[in-house]
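Undergrad: Input: one structure, supplied below.
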Amino acid sequence: MNILAFDTALSAGSVALVSNGAVLATCDEPNAKSLAERLVPMVDKVLAEAGKAYTDIDRIAVTVGPGTFTGMRIGVATARAMSLAADVPLVGASTLEVMARQVANDHPSATDIHICFDARRKEVYCQSFRPLGESDVAPLSEPVACSYEVASGLLSGTSGVAAGNGVGLVETPATIQVLEGYTRLDACVLAGMAAARPVPDSVPEPLYLRAPDAKLPGGKEVGA
Amino acid sequence: MTLAGPVLGIETSCDETAAAVVAPDGNILANVILSQLDDHRPYGGVVPEIAARAHIHHLRDLISEAMGQAGLGYSDLGGVAATAGPGLIGGVMVGLMSAKAIANVHRLPFAAVNHLEGHALTARLTEKLAFPYLLLLVSGGHCQLLIVHDVGKFERLGTTIDDAVGEAYDKTAKILDLGYPGGPIVEQTALEGNASRFNLPRPLLKRPDCHFSFSGLKTAVTRTAESLGADITENDKADLCASFQAAVADVLENRTKRAMDIFQRKASESEGAGQNPLGQAGDDRPQHPGRDALDAGGDSHMKNPASGDYDPASLALAEGAPSLVIAGGVAANQYLRGRLGALCAHKGFNLACPPIALCTDNAAMIAWAGVERLSRGLQDSLDTPARARWPLDPDAPAAIGAGVKA
């Protein structure tokens, strides 16, 4: 199965073409500012390097967030239209899941994996996982956007490993081993997850975890 | 370049999610649109993040629907076009990335369309109008007078130095608590009102240029509403709406009249210089009226004028009377259409107003702009960025007193 996978939801871009577990080609873009310009040419480059056409692709995989709203929409909009035009199924995975799997690949003995991303505005996106099989993870909690304090509370009393660019913002108990350097997502890992997952009944949507910024006239909050 | 088939157009720059398919001969094969009005109504205006979320949620289905209505597969298309700006960047990004993806999958030519050029060229889709013509672009985000010389070649004669005219309508509706969107409501309310009851300002009329200003008018509406106090009646509101609309019409009429004089002066200058009065427009003028006039099969008359020399000082009029095109959402206003129609009759201009559904934001105009651009070989690469600001005439001098939005 040939899987075209890409991520633009965090602070960088990653594209990979993976065939039955073998990485055929990859392309990375460290600059989040130019992802709207770079993404489609990156996909083209990966296809060309792998010697594949869209007709050879069996599945497209994309990260749905959480992350920057613009970044996740660049990836998800592209993936949704690409899968429509190429008539290929689209599988989504969250950025938290992909990062957790990257940790699981590097630390096979880790049982509980806590991922924490900087969500700005003094908040983090966080979720805890357990490894599942060779290429996926199973959630131990719901993904949330929350304050540092709330996230610290969620981690207290737990053990395992913690990673992500927001892990330094929260308090981790001594029972948790903090792993450095997990700031970038790897589209190859995303491809592996997508290969093992069933095709969802509905087309993946962005996972925002936050309501839009909008105030009703008179300063009332949304839903108030 | 002959287009190999119809063009898929995508529009997501404000609060309408839209997809359309237009054939090279101007036949609209599909034109689907989803308004987000209900999503934004509680806020009294468009909320960018809510708009972007709605675009990504709906666009894929709308594209499928448009292609289904057109009865085409993606490989049958001759190109893909999307609004690349100006507009709310989060939404623009959604449409632009979707179009790039579809173009890339089927190796189709791609056109990154300026939303304003979409409005500007609609009259060529609906009226088969030849270049050049005068354009009054009036919408919620823009108020400009331009000479449309050719595809991609605009000469800005005037712009607003503060609010757009549609913005002034929305704000008036908000001040009077009439609801959202303001344009149609104010127009409707004004029908019952006395336009001479309140003497509202007509800003900039004494200035010798063609620029607009509406923020002072908005302030005057606020003051007048405040002076009427909490006892303001439905009659008061109707009178204020009518007075407001009359002031807007006076301003548009005065500025447009000035632009008509400039347009005609330039035309007579280029005739006086011994040029064929039909010269520049000759090559691209539809040879006979009707849908087949811009047919891709007969594209000898669509021969790449974009690559030719272009001198904005020389302006050759099309056959017969010159034309004024009104485009943009505010062009749907029947009162303003009537006033500008009277001006045209007085000045010897044809008035060209596209049907209302093609005046307000839509994807058919983007697909058509794609037809016009791609048939001239004006293709864009798939690394084209989205642009929040994108003036049609980047060489126009800044309007005195204008803010960054102008």
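Convention: chains lettered A, B, ... in structure tokens order; per-chain residue numbering from 1; ligands numbered from 1 as shown.
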Excluding same-chain residues fewer than 5 positions from segment 366-373 of chain B, what lies within 9 Å of it counting only C-alpha atoms, as a ChimeraX atom specification?
TA: /B:3,6-11,19-26,28,78-83,110-115,117-122,124-125,151-152,302,378-379
Undergrad: Store the residues picked out above, limited to C-alpha atoms, as an mmCIF file, in the first residue's frame.
TA:
```cif
data_model
loop_
_atom_site.group_PDB
_atom_site.id
_atom_site.type_symbol
_atom_site.label_atom_id
_atom_site.label_comp_id
_atom_site.auth_asym_id
_atom_site.auth_seq_id
_atom_site.Cartn_x
_atom_site.Cartn_y
_atom_site.Cartn_z
ATOM 1 C CA LEU B 3 -8.413 25.864 -22.966
ATOM 2 C CA PRO B 6 -14.232 24.241 -18.556
ATOM 3 C CA VAL B 7 -12.625 25.886 -15.548
ATOM 4 C CA LEU B 8 -13.469 25.028 -11.928
ATOM 5 C CA GLY B 9 -13.580 28.183 -9.809
ATOM 6 C CA ILE B 10 -13.408 28.400 -6.016
ATOM 7 C CA GLU B 11 -14.269 31.414 -3.839
ATOM 8 C CA ALA B 19 -17.643 26.559 -6.333
ATOM 9 C CA ALA B 20 -18.562 26.911 -10.006
ATOM 10 C CA VAL B 21 -17.733 25.463 -13.385
ATOM 11 C CA VAL B 22 -17.660 27.795 -16.406
ATOM 12 C CA ALA B 23 -17.004 26.761 -19.995
ATOM 13 C CA PRO B 24 -14.566 28.732 -22.175
ATOM 14 C CA ASP B 25 -17.542 30.173 -24.092
ATOM 15 C CA GLY B 26 -18.951 31.664 -20.882
ATOM 16 C CA ILE B 28 -22.073 28.566 -16.595
ATOM 17 C CA GLY B 78 -9.305 22.795 -18.683
ATOM 18 C CA GLY B 79 -8.070 24.470 -15.525
ATOM 19 C CA VAL B 80 -8.660 25.333 -11.893
ATOM 20 C CA ALA B 81 -8.998 28.868 -10.503
ATOM 21 C CA ALA B 82 -9.271 30.109 -6.946
ATOM 22 C CA THR B 83 -9.405 33.453 -5.211
ATOM 23 C CA PHE B 110 -3.917 26.837 -12.308
ATOM 24 C CA ALA B 111 -4.996 30.471 -11.997
ATOM 25 C CA ALA B 112 -4.615 32.433 -8.743
ATOM 26 C CA VAL B 113 -7.361 35.011 -9.184
ATOM 27 C CA ASN B 114 -7.637 38.451 -7.622
ATOM 28 C CA HIS B 115 -11.141 38.503 -6.151
ATOM 29 C CA GLU B 117 -10.637 41.079 -10.916
ATOM 30 C CA GLY B 118 -13.354 38.435 -10.660
ATOM 31 C CA HIS B 119 -15.892 41.202 -10.002
ATOM 32 C CA ALA B 120 -14.305 43.411 -12.654
ATOM 33 C CA LEU B 121 -14.533 40.821 -15.463
ATOM 34 C CA THR B 122 -18.043 39.542 -14.678
ATOM 35 C CA ARG B 124 -17.609 40.266 -19.918
ATOM 36 C CA LEU B 125 -19.189 36.983 -18.876
ATOM 37 C CA VAL B 151 -7.215 41.292 -18.167
ATOM 38 C CA GLY B 152 -4.760 42.155 -15.396
ATOM 39 C CA MET B 302 -8.754 36.429 -27.704
ATOM 40 C CA LEU B 378 -1.544 33.622 -17.681
ATOM 41 C CA GLN B 379 -0.924 30.541 -15.558
#
```
Undergrad: Run DSSP on the backbone of this structure and report the residues of segment 48-154 of chain B it assigns to helix (DSSP H, G or I), as number ranges by chain.
TA: B: 48-70, 74-76, 89-105, 115-126
Undergrad: Residues near segment 97-100 of chain B, anyone? I mean within 8 Å using only C-alpha atoms, not counting same-chain ones fewer than 2 positions away, as a PyMOL selection string.
TA: (chain A and resi 36+40+74+77-78+80-82) or (chain B and resi 10+80-82+93-95+102-104+110+382)
Undergrad: Could the residues of chain A within 9 Å of chain B, counting only C-alpha atoms, be given as an NGL selection string, please?
TA: :A and (34 or 36-41 or 44 or 53-55 or 69-70 or 73-86 or 205-206 or 211-217)
Undergrad: Just checking: using only C-alpha atoms, which residue out of A:Ala12, A:Met99, A:Thr26, A:Leu190 ends up closest to Met72 of chain A?
TA: A:Ala12
Undergrad: To one decimal place in Å, what is the distance between atom CA of Thr68 of chain A and atom CA of Ala9 of chain A?
TA: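 Distance reported for this atom pair: 5.9 Å.
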Undergrad: What's the 6 Å shell around segment 322-331 of chain B, counting only C-alpha atoms, without same-chain residues fewer than 2 positions away, as a list in words?
TA: His119, Tyr133, Leu134, Leu135, Leu136, Leu137, Val138, Ser139, Asn333, Phe349, Asn350, Leu351, Ala352, Cys353, Cys359 and Thr360 of chain B
Undergrad: Can you pull out every residue within 9 Å of Lys347 of chain B, counting only C-alpha atoms, but drop anything in the same chain fewer than 6 positions away, and send it as an mmCIF file with all heavy atoms, in the first residue's frame?
TA:
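For reference, result18.cif as written:
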```
data_model
loop_
_atom_site.group_PDB
_atom_site.id
_atom_site.type_symbol
_atom_site.label_atom_id
_atom_site.label_comp_id
_atom_site.auth_asym_id
_atom_site.auth_seq_id
_atom_site.Cartn_x
_atom_site.Cartn_y
_atom_site.Cartn_z
ATOM 1 N N LYS B 257 -19.301 60.470 -12.018
ATOM 2 C CA LYS B 257 -19.390 61.462 -13.091
ATOM 3 C C LYS B 257 -17.988 61.992 -13.423
ATOM 4 O O LYS B 257 -17.606 62.126 -14.581
ATOM 5 C CB LYS B 257 -20.296 62.599 -12.618
ATOM 6 C CG LYS B 257 -20.708 63.566 -13.682
ATOM 7 C CD LYS B 257 -21.755 64.507 -13.082
ATOM 8 C CE LYS B 257 -21.907 65.734 -13.957
ATOM 9 N NZ LYS B 257 -22.592 66.812 -13.256
ATOM 10 N N MET B 260 -16.128 59.435 -15.284
ATOM 11 C CA MET B 260 -16.585 59.368 -16.682
ATOM 12 C C MET B 260 -15.897 60.446 -17.516
ATOM 13 O O MET B 260 -15.482 60.198 -18.658
ATOM 14 C CB MET B 260 -18.102 59.575 -16.746
ATOM 15 C CG MET B 260 -18.905 58.366 -16.260
ATOM 16 S SD MET B 260 -20.654 58.820 -16.136
ATOM 17 C CE MET B 260 -21.414 57.195 -16.171
ATOM 18 N N ASP B 261 -15.761 61.643 -16.922
ATOM 19 C CA ASP B 261 -15.087 62.727 -17.644
ATOM 20 C C ASP B 261 -13.636 62.352 -17.941
ATOM 21 O O ASP B 261 -13.137 62.589 -19.039
ATOM 22 C CB ASP B 261 -15.142 64.024 -16.812
ATOM 23 C CG ASP B 261 -16.558 64.588 -16.726
ATOM 24 O OD1 ASP B 261 -17.384 64.227 -17.606
ATOM 25 O OD2 ASP B 261 -16.840 65.366 -15.805
#
```
Undergrad: Contacts of Leu47 of chain A at 9 Å or less, counting only C-alpha atoms, minus same-chain residues fewer than 5 places along, as a list in words?
TA: Leu4, Ala16, Leu17, Leu24, Ala25, Met42, Lys52, Ala53 and Tyr54 of chain A
Undergrad: Which is closest to Val203 of chain A among A:Val18, A:Val167, A:Pro131, A:Val62, if we use only C-alpha atoms?
TA: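 Selected residue with least distance to Val203 of chain A: A:Val62.
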Undergrad: What parts of segment 159-214 of chain A does DSSP call strand (DSSP E)? I'd like the answer as a PyMOL selection string.
TA: chain A and resi 160-163+176-178
Undergrad: State, in Å with one decimal place, the distance from atom CA of Arg255 of chain B to atom CA of Leu88 of chain B.
TA: 28.0 Å
Undergrad: Residues at most 6 Å from segment 157-164 of chain A, counting only C-alpha atoms, excluding those fewer than 6 positions away in the same chain, as a VMD selection string?
TA: chain A and resid 112 to 117 175 to 179 182 to 183
